[in-house]
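Some notes on the structure that comes next.
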Amino acid sequence: MMPPILATAVGQKSQVRSMNSALLPNYGHPDLEFDHGRGSYLFTDDGQRYLDFAMGIAVNSLGHCHPALVAALTEQARKLWHTSNLFRIKQSERLAQNLVRRTFADRVFFCNSGAEAVECGFKLIRRYHYSKDQPQRNRIISLSGSFHGRTLATIAAAANPGHCDGFVVGDGGFDQVEFADIDSLRQAIDERTAGIIIEPIQGESGIKVVPGDYLGAVRELCDQQDIVLMFDEVQCGVGRSGTLYAYQHYGISPDILASAKGLGGGFPIGACLTIEKLSITMTPGSHGSTFGGNPLAMAVANAVIDEISQDEFLAELAANSDYFRAELAVLVEAYPQLLSGISGLGMMIGLQCRIDSMELIARLRDNKMLVVKAGGNSIRIMPPLNVGRGEIEEALEILSSVLKAW
Ligand SMILES: Cc1ncc(COP(=O)(O)O)c(C=O)c1O
């Protein structure tokens, strides 16, 4: 007999199709569509302009169609798109050097998304212990509230029932501990623990910054027990928090770091950064990606890193984000019955709501400003990193008028 969920789905087939799409219905039914983008703005084909402080969920790090990125992409597009990793790709060597020079890492693996970057990290963790004749050390610990992607391993790691149900078999090899609770972590570690994965700033769960002293204590535990420490900076990395990578605020380095989203400024890319002693376990043939390291993605990401890692860029980002956050704090104080707080670092901003955050997002959208939902009844405000002061003022005006009218 057909399971009830399938029977319902088959019964609804014509109805779902008639909703306009041959796409898998996993994204709901968005009704807003854009024709083009410039800097901090998106435009519909009938000319309506939206202030985009969602930026493709922290992807368009330099706004829409940044001239340096367009130039890098089109120049590369005229030369060469794809050869595969059967051949040397000098753009990927340059980007790897670029990242190694500016971070804790010695080696980089390129892929096409955040989840793939995280998966590479999981494989590095397990392979490291395996190569030390300890294959039983294969379990990885994550923090409650985390999000690491939508592949089987990454949903198993985050252990969100809404994402796992019907997909994950068993626990997938992951254990979960309380967010930023060192005792909970100490209790969970045993002889099978291979690694720990942490988002230094949790994104999906509502922009929650992991305290520095917790990260320091975790680093110490990892060093004492030969546990691999991995940071997931898919969302908080590449300048979003005000430093190139968020871990640089704390001065506590991981052994592995997953990067993606903002690294490509809108072009799909993922990168897994690691240290020598882990990297050497990935012998030829042990891992790979057809598109990983392709010249187009590499050209754009080199342009992104060249731009963002300049001292002047980061200084202006810090000044603008300080200003924005201070003004948002004024709004939180002015409307204590509507808002309860502000969180995050740099341009990764969470606004905690007492009102329904979905309704706030809808009203902002009606007023031509885009932001993103996050967990815990909050919204994520993620402008481009090169946002202008005038655009920040515009956002504050829209927010203020929506709150005033509430
Ligand atoms: C912290 C974090 N890790 C991993 C991912 C997965 O990235 P992707 O959707 O590119 O696979 C995301 C995506 O939102 C993320 O925020």
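Each chain in the structure tokens gets a letter, A, B and so on, in the order shown; residues start at 1 in every chain, and ligands are counted from 1 in the order they appear.
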Next item on the list: May I ask you to write as number ranges by chain all residues lying at most 8 Å from ligand 1, with only C-alpha atoms and all ligand atoms counted?
Entry: A: 57, 112-118, 146-151, 154, 199, 202-204, 232-236, 258, 260-261, 268-270
Mind writing the picked residues with C-alpha atoms as a CSV table (one decimal), in the first residue's frame?
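Generated file (out_39.csv):
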chain,number,residue,atom,x,y,z
A,57,ILE,CA,21.5,35.1,2.2
A,112,ASN,CA,30.9,24.4,-5.4
A,113,SER,CA,28.8,25.0,-2.3
A,114,GLY,CA,28.9,25.4,1.5
A,115,ALA,CA,27.6,21.9,2.2
A,116,GLU,CA,30.3,20.4,0.0
A,117,ALA,CA,33.0,22.4,1.8
A,118,VAL,CA,31.6,21.1,5.2
A,146,SER,CA,23.7,24.8,14.1
A,147,PHE,CA,23.1,24.6,10.4
A,148,HIS,CA,25.7,23.1,8.0
A,149,GLY,CA,23.9,22.4,4.8
A,150,ARG,CA,21.4,20.0,3.2
A,151,THR,CA,23.4,16.9,2.2
A,154,THR,CA,25.4,18.0,7.0
A,199,GLU,CA,29.8,28.0,13.4
A,202,GLN,CA,25.3,30.8,14.0
A,203,GLY,CA,23.3,32.1,11.2
A,204,GLU,CA,20.1,30.2,10.6
A,232,ASP,CA,31.9,26.4,9.6
A,233,GLU,CA,32.3,30.0,8.2
A,234,VAL,CA,30.1,29.4,5.2
A,235,GLN,CA,27.8,32.3,6.3
A,236,CYS,CA,29.9,34.3,8.7
A,258,ALA,CA,34.5,25.7,5.5
A,260,ALA,CA,31.5,29.5,0.5
A,261,LYS,CA,28.6,32.0,0.0
A,268,PRO,CA,28.8,29.3,-6.8
A,269,ILE,CA,31.9,28.2,-5.0
A,270,GLY,CA,33.0,26.4,-1.8
Next item on the list: as a PyMOL selection string, please: all residues of region 182-344 of chain A that backbone DSSP puts in strand (DSSP E or B).
Entry: chain A and resi 193-198+201-202+208-209+228-232+256-259+270-274+339-344
Notebook entry, point to check: DSSP says alpha helix (DSSP H) for which residues of region 106-263 of chain A? Put them as an MDAnalysis selection string?
Noted result: chainID A and resid 114:131 152:158 161:164 182:188 212:225 247:250
Just to be explicit: take each residue in the selection above, keep C-alpha atoms, and write the result as a PDB file, in the first residue's frame.
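This is the output file result_23.pdb:
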ATOM      1  CA  GLY A 114      28.884  25.372   1.475  1.00  0.00           C
ATOM      2  CA  ALA A 115      27.609  21.868   2.160  1.00  0.00           C
ATOM      3  CA  GLU A 116      30.348  20.388  -0.012  1.00  0.00           C
ATOM      4  CA  ALA A 117      32.973  22.414   1.841  1.00  0.00           C
ATOM      5  CA  VAL A 118      31.623  21.096   5.150  1.00  0.00           C
ATOM      6  CA  GLU A 119      31.523  17.522   3.784  1.00  0.00           C
ATOM      7  CA  CYS A 120      35.176  17.809   2.790  1.00  0.00           C
ATOM      8  CA  GLY A 121      35.929  18.860   6.366  1.00  0.00           C
ATOM      9  CA  PHE A 122      34.076  15.827   7.757  1.00  0.00           C
ATOM     10  CA  LYS A 123      36.069  13.570   5.465  1.00  0.00           C
ATOM     11  CA  LEU A 124      39.334  15.190   6.568  1.00  0.00           C
ATOM     12  CA  ILE A 125      38.404  14.638  10.221  1.00  0.00           C
ATOM     13  CA  ARG A 126      37.641  10.942   9.753  1.00  0.00           C
ATOM     14  CA  ARG A 127      40.527  10.308   7.410  1.00  0.00           C
ATOM     15  CA  TYR A 128      42.996  11.852   9.855  1.00  0.00           C
ATOM     16  CA  HIS A 129      42.161   9.362  12.605  1.00  0.00           C
ATOM     17  CA  TYR A 130      41.861   6.515  10.115  1.00  0.00           C
ATOM     18  CA  SER A 131      45.355   7.268   8.863  1.00  0.00           C
ATOM     19  CA  LEU A 152      22.877  13.747   4.230  1.00  0.00           C
ATOM     20  CA  ALA A 153      25.954  14.258   6.413  1.00  0.00           C
ATOM     21  CA  THR A 154      25.387  17.972   6.981  1.00  0.00           C
ATOM     22  CA  ILE A 155      21.744  17.530   8.050  1.00  0.00           C
ATOM     23  CA  ALA A 156      22.769  14.642  10.303  1.00  0.00           C
ATOM     24  CA  ALA A 157      25.381  16.935  11.877  1.00  0.00           C
ATOM     25  CA  ALA A 158      22.934  19.730  12.623  1.00  0.00           C
ATOM     26  CA  PRO A 161      14.346  17.088  12.983  1.00  0.00           C
ATOM     27  CA  GLY A 162      12.613  19.250  10.375  1.00  0.00           C
ATOM     28  CA  HIS A 163      15.551  18.698   8.036  1.00  0.00           C
ATOM     29  CA  CYS A 164      16.389  15.084   9.010  1.00  0.00           C
ATOM     30  CA  ILE A 182      31.637  23.579  27.801  1.00  0.00           C
ATOM     31  CA  ASP A 183      30.398  21.052  30.394  1.00  0.00           C
ATOM     32  CA  SER A 184      27.960  19.583  27.903  1.00  0.00           C
ATOM     33  CA  LEU A 185      30.868  19.220  25.453  1.00  0.00           C
ATOM     34  CA  ARG A 186      33.196  17.657  28.041  1.00  0.00           C
ATOM     35  CA  GLN A 187      30.550  15.067  28.881  1.00  0.00           C
ATOM     36  CA  ALA A 188      29.965  14.176  25.229  1.00  0.00           C
ATOM     37  CA  GLY A 212      35.448  33.687  22.677  1.00  0.00           C
ATOM     38  CA  ASP A 213      36.192  32.049  26.021  1.00  0.00           C
ATOM     39  CA  TYR A 214      34.141  29.015  24.962  1.00  0.00           C
ATOM     40  CA  LEU A 215      36.083  28.750  21.699  1.00  0.00           C
ATOM     41  CA  GLY A 216      39.334  29.032  23.667  1.00  0.00           C
ATOM     42  CA  ALA A 217      38.261  26.218  25.992  1.00  0.00           C
ATOM     43  CA  VAL A 218      37.238  24.043  23.028  1.00  0.00           C
ATOM     44  CA  ARG A 219      40.601  24.651  21.337  1.00  0.00           C
ATOM     45  CA  GLU A 220      42.352  23.548  24.518  1.00  0.00           C
ATOM     46  CA  LEU A 221      40.257  20.368  24.777  1.00  0.00           C
ATOM     47  CA  CYS A 222      40.966  19.566  21.133  1.00  0.00           C
ATOM     48  CA  ASP A 223      44.710  20.057  21.581  1.00  0.00           C
ATOM     49  CA  GLN A 224      44.776  17.871  24.688  1.00  0.00           C
ATOM     50  CA  GLN A 225      42.829  14.997  23.124  1.00  0.00           C
ATOM     51  CA  TYR A 247      37.769  33.276  13.911  1.00  0.00           C
ATOM     52  CA  GLN A 248      40.241  36.147  13.474  1.00  0.00           C
ATOM     53  CA  HIS A 249      38.243  38.201  16.023  1.00  0.00           C
ATOM     54  CA  TYR A 250      39.136  35.649  18.678  1.00  0.00           C
TER      55      TYR A 250
END
Which residues of region 259-294 of chain A come within 12 Å of region 86-94 of chain A, and what is each one's closest atom pair and distance in Å (one decimal), counting only C-alpha atoms, sorted by chain and residue number, as JSON lines?
{"residue": "A:Ile269", "atom": "CA", "partner": "A:Ser92", "partner_atom": "CA", "distance": 11.4}
{"residue": "A:Gly270", "atom": "CA", "partner": "A:Ser92", "partner_atom": "CA", "distance": 11.9}
{"residue": "A:Ala271", "atom": "CA", "partner": "A:Ser92", "partner_atom": "CA", "distance": 10.6}
{"residue": "A:Pro284", "atom": "CA", "partner": "A:Leu86", "partner_atom": "CA", "distance": 11.4}
{"residue": "A:Gly285", "atom": "CA", "partner": "A:Leu86", "partner_atom": "CA", "distance": 11.3}
{"residue": "A:Gly288", "atom": "CA", "partner": "A:Leu86", "partner_atom": "CA", "distance": 10.6}
{"residue": "A:Ser289", "atom": "CA", "partner": "A:Leu86", "partner_atom": "CA", "distance": 10.8}
{"residue": "A:Thr290", "atom": "CA", "partner": "A:Leu86", "partner_atom": "CA", "distance": 9.4}
{"residue": "A:Phe291", "atom": "CA", "partner": "A:Leu86", "partner_atom": "CA", "distance": 11.2}
{"residue": "A:Gly292", "atom": "CA", "partner": "A:Ser92", "partner_atom": "CA", "distance": 9.1}
{"residue": "A:Gly293", "atom": "CA", "partner": "A:Ser92", "partner_atom": "CA", "distance": 5.4}
{"residue": "A:Asn294", "atom": "CA", "partner": "A:Ser92", "partner_atom": "CA", "distance": 7.4}
Could you write out that same residue set with C-alpha atoms as an mmCIF file, in the first residue's frame?
data_model
loop_
_atom_site.group_PDB
_atom_site.id
_atom_site.type_symbol
_atom_site.label_atom_id
_atom_site.label_comp_id
_atom_site.auth_asym_id
_atom_site.auth_seq_id
_atom_site.Cartn_x
_atom_site.Cartn_y
_atom_site.Cartn_z
ATOM 1 C CA ILE A 269 31.932 28.196 -4.955
ATOM 2 C CA GLY A 270 32.977 26.374 -1.813
ATOM 3 C CA ALA A 271 36.374 26.019 -0.169
ATOM 4 C CA PRO A 284 45.376 11.352 -4.914
ATOM 5 C CA GLY A 285 41.980 9.848 -5.705
ATOM 6 C CA GLY A 288 37.286 15.245 -5.797
ATOM 7 C CA SER A 289 34.783 17.454 -7.570
ATOM 8 C CA THR A 290 34.181 17.840 -11.305
ATOM 9 C CA PHE A 291 33.511 21.567 -11.133
ATOM 10 C CA GLY A 292 35.579 22.372 -8.027
ATOM 11 C CA GLY A 293 38.288 24.916 -8.795
ATOM 12 C CA ASN A 294 36.856 25.807 -12.206
#
Item checked: For region 103-109 of chain A: contacts at 7 Å, only C-alpha atoms, fewer than 6 positions along chain excluded, given as a PyMOL selection string -> chain A and resi 96+253+271-276+279
Write the residues of the selection above to a file with C-alpha atoms, as a PDB file, in the first residue's frame.
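The result, stored in selection33.pdb:
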ATOM      1  CA  ALA A  96      44.557  28.889  -2.698  1.00  0.00           C
ATOM      2  CA  SER A 253      42.388  29.068  14.861  1.00  0.00           C
ATOM      3  CA  ALA A 271      36.374  26.019  -0.169  1.00  0.00           C
ATOM      4  CA  CYS A 272      37.686  23.810   2.591  1.00  0.00           C
ATOM      5  CA  LEU A 273      40.811  25.213   4.251  1.00  0.00           C
ATOM      6  CA  THR A 274      43.026  23.044   6.419  1.00  0.00           C
ATOM      7  CA  ILE A 275      46.438  22.480   7.945  1.00  0.00           C
ATOM      8  CA  GLU A 276      49.253  20.332   6.627  1.00  0.00           C
ATOM      9  CA  SER A 279      45.771  17.645   4.277  1.00  0.00           C
TER      10      SER A 279
END
Item checked: Spatial neighbours of Glu191 (chain A), 10 Å, only C-alpha atoms, chain gap at least 4 places, as a ChimeraX atom specification -> /A:134,136-139,225
Residues just named, written with N, CA and C atoms as a tab-separated table (two decimals), in the first residue's frame:
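The new file selection.tsv reads:
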chain	number	residue	atom	x	y	z
A	134	GLN	N	43.27	4.59	13.77
A	134	GLN	CA	42.21	4.70	14.79
A	134	GLN	C	40.86	4.91	14.09
A	136	GLN	N	38.10	3.74	14.62
A	136	GLN	CA	36.95	3.82	15.53
A	136	GLN	C	36.72	5.26	16.01
A	137	ARG	N	37.73	6.11	15.84
A	137	ARG	CA	37.51	7.53	16.17
A	137	ARG	C	36.88	8.19	14.94
A	138	ASN	N	35.56	8.17	14.88
A	138	ASN	CA	34.91	8.68	13.67
A	138	ASN	C	33.70	9.55	13.97
A	139	ARG	N	33.43	9.80	15.25
A	139	ARG	CA	32.23	10.58	15.57
A	139	ARG	C	32.55	12.07	15.66
A	225	GLN	N	43.34	16.35	23.44
A	225	GLN	CA	42.83	15.00	23.12
A	225	GLN	C	42.93	14.65	21.64
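Closest approach to Gln48 (chain A) among A:Tyr323, A:Tyr335, A:Trp406, A:Phe34 is made by A:Phe34 (distances from only C-alpha atoms).
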Checklist line | Separation of CA of Asp190 (chain A) from CA of Pro211 (chain A), in Å and rounded to one decimal | finding: 23.8 Å
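The closest residue to Ile379 (chain A), picked from A:Thr281, A:Ser205, A:Ser401, A:Ser321 and counting only C-alpha atoms, is A:Ser205.
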Note to self: Using only C-alpha atoms for the distances, tell me which of A:Asp226, A:Glu327, A:Asp311, A:Asp52 is nearest to Thr193 (chain A).
What the structure shows: A:Asp226
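The list of residues with at least one atom within 9 Å of Leu403 (chain A), based on only C-alpha atoms and without residues fewer than 2 positions apart in the same chain, reads Leu331, Tyr335, Leu338, Leu360, Ile398, Leu399, Ser400, Ser401, Ala405 and Trp406 of chain A.
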Just-selected residues, C-alpha atoms written as a tab-separated table (two decimals), in the first residue's frame:
chain	number	residue	atom	x	y	z
A	331	LEU	CA	15.52	51.62	17.41
A	335	TYR	CA	10.42	50.19	20.47
A	338	LEU	CA	8.28	45.37	19.33
A	360	LEU	CA	7.93	42.37	10.01
A	398	ILE	CA	12.28	52.21	6.30
A	399	LEU	CA	12.67	50.19	9.50
A	400	SER	CA	11.79	53.16	11.64
A	401	SER	CA	8.66	54.03	9.65
A	405	ALA	CA	3.25	52.41	12.03
A	406	TRP	CA	3.00	49.00	13.76
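Residues surrounding Pro254 (chain A) within 7 Å are Leu229, Met230 and Phe231 of chain A [only C-alpha atoms; sequence separation below 5 positions excluded].
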Next item on the list: Can you pull out every residue within 9 Å of Gln337 (chain A), counting only C-alpha atoms, but drop anything in the same chain fewer than 3 positions away, and send it as a PyMOL selection string?
Entry: chain A and resi 332+334+340+353-355
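Using only C-alpha atoms, the smallest distance between any of A:Gly266, A:Gln310, A:His82, A:Pro200 and Gly37 (chain A) comes from A:Gly266.
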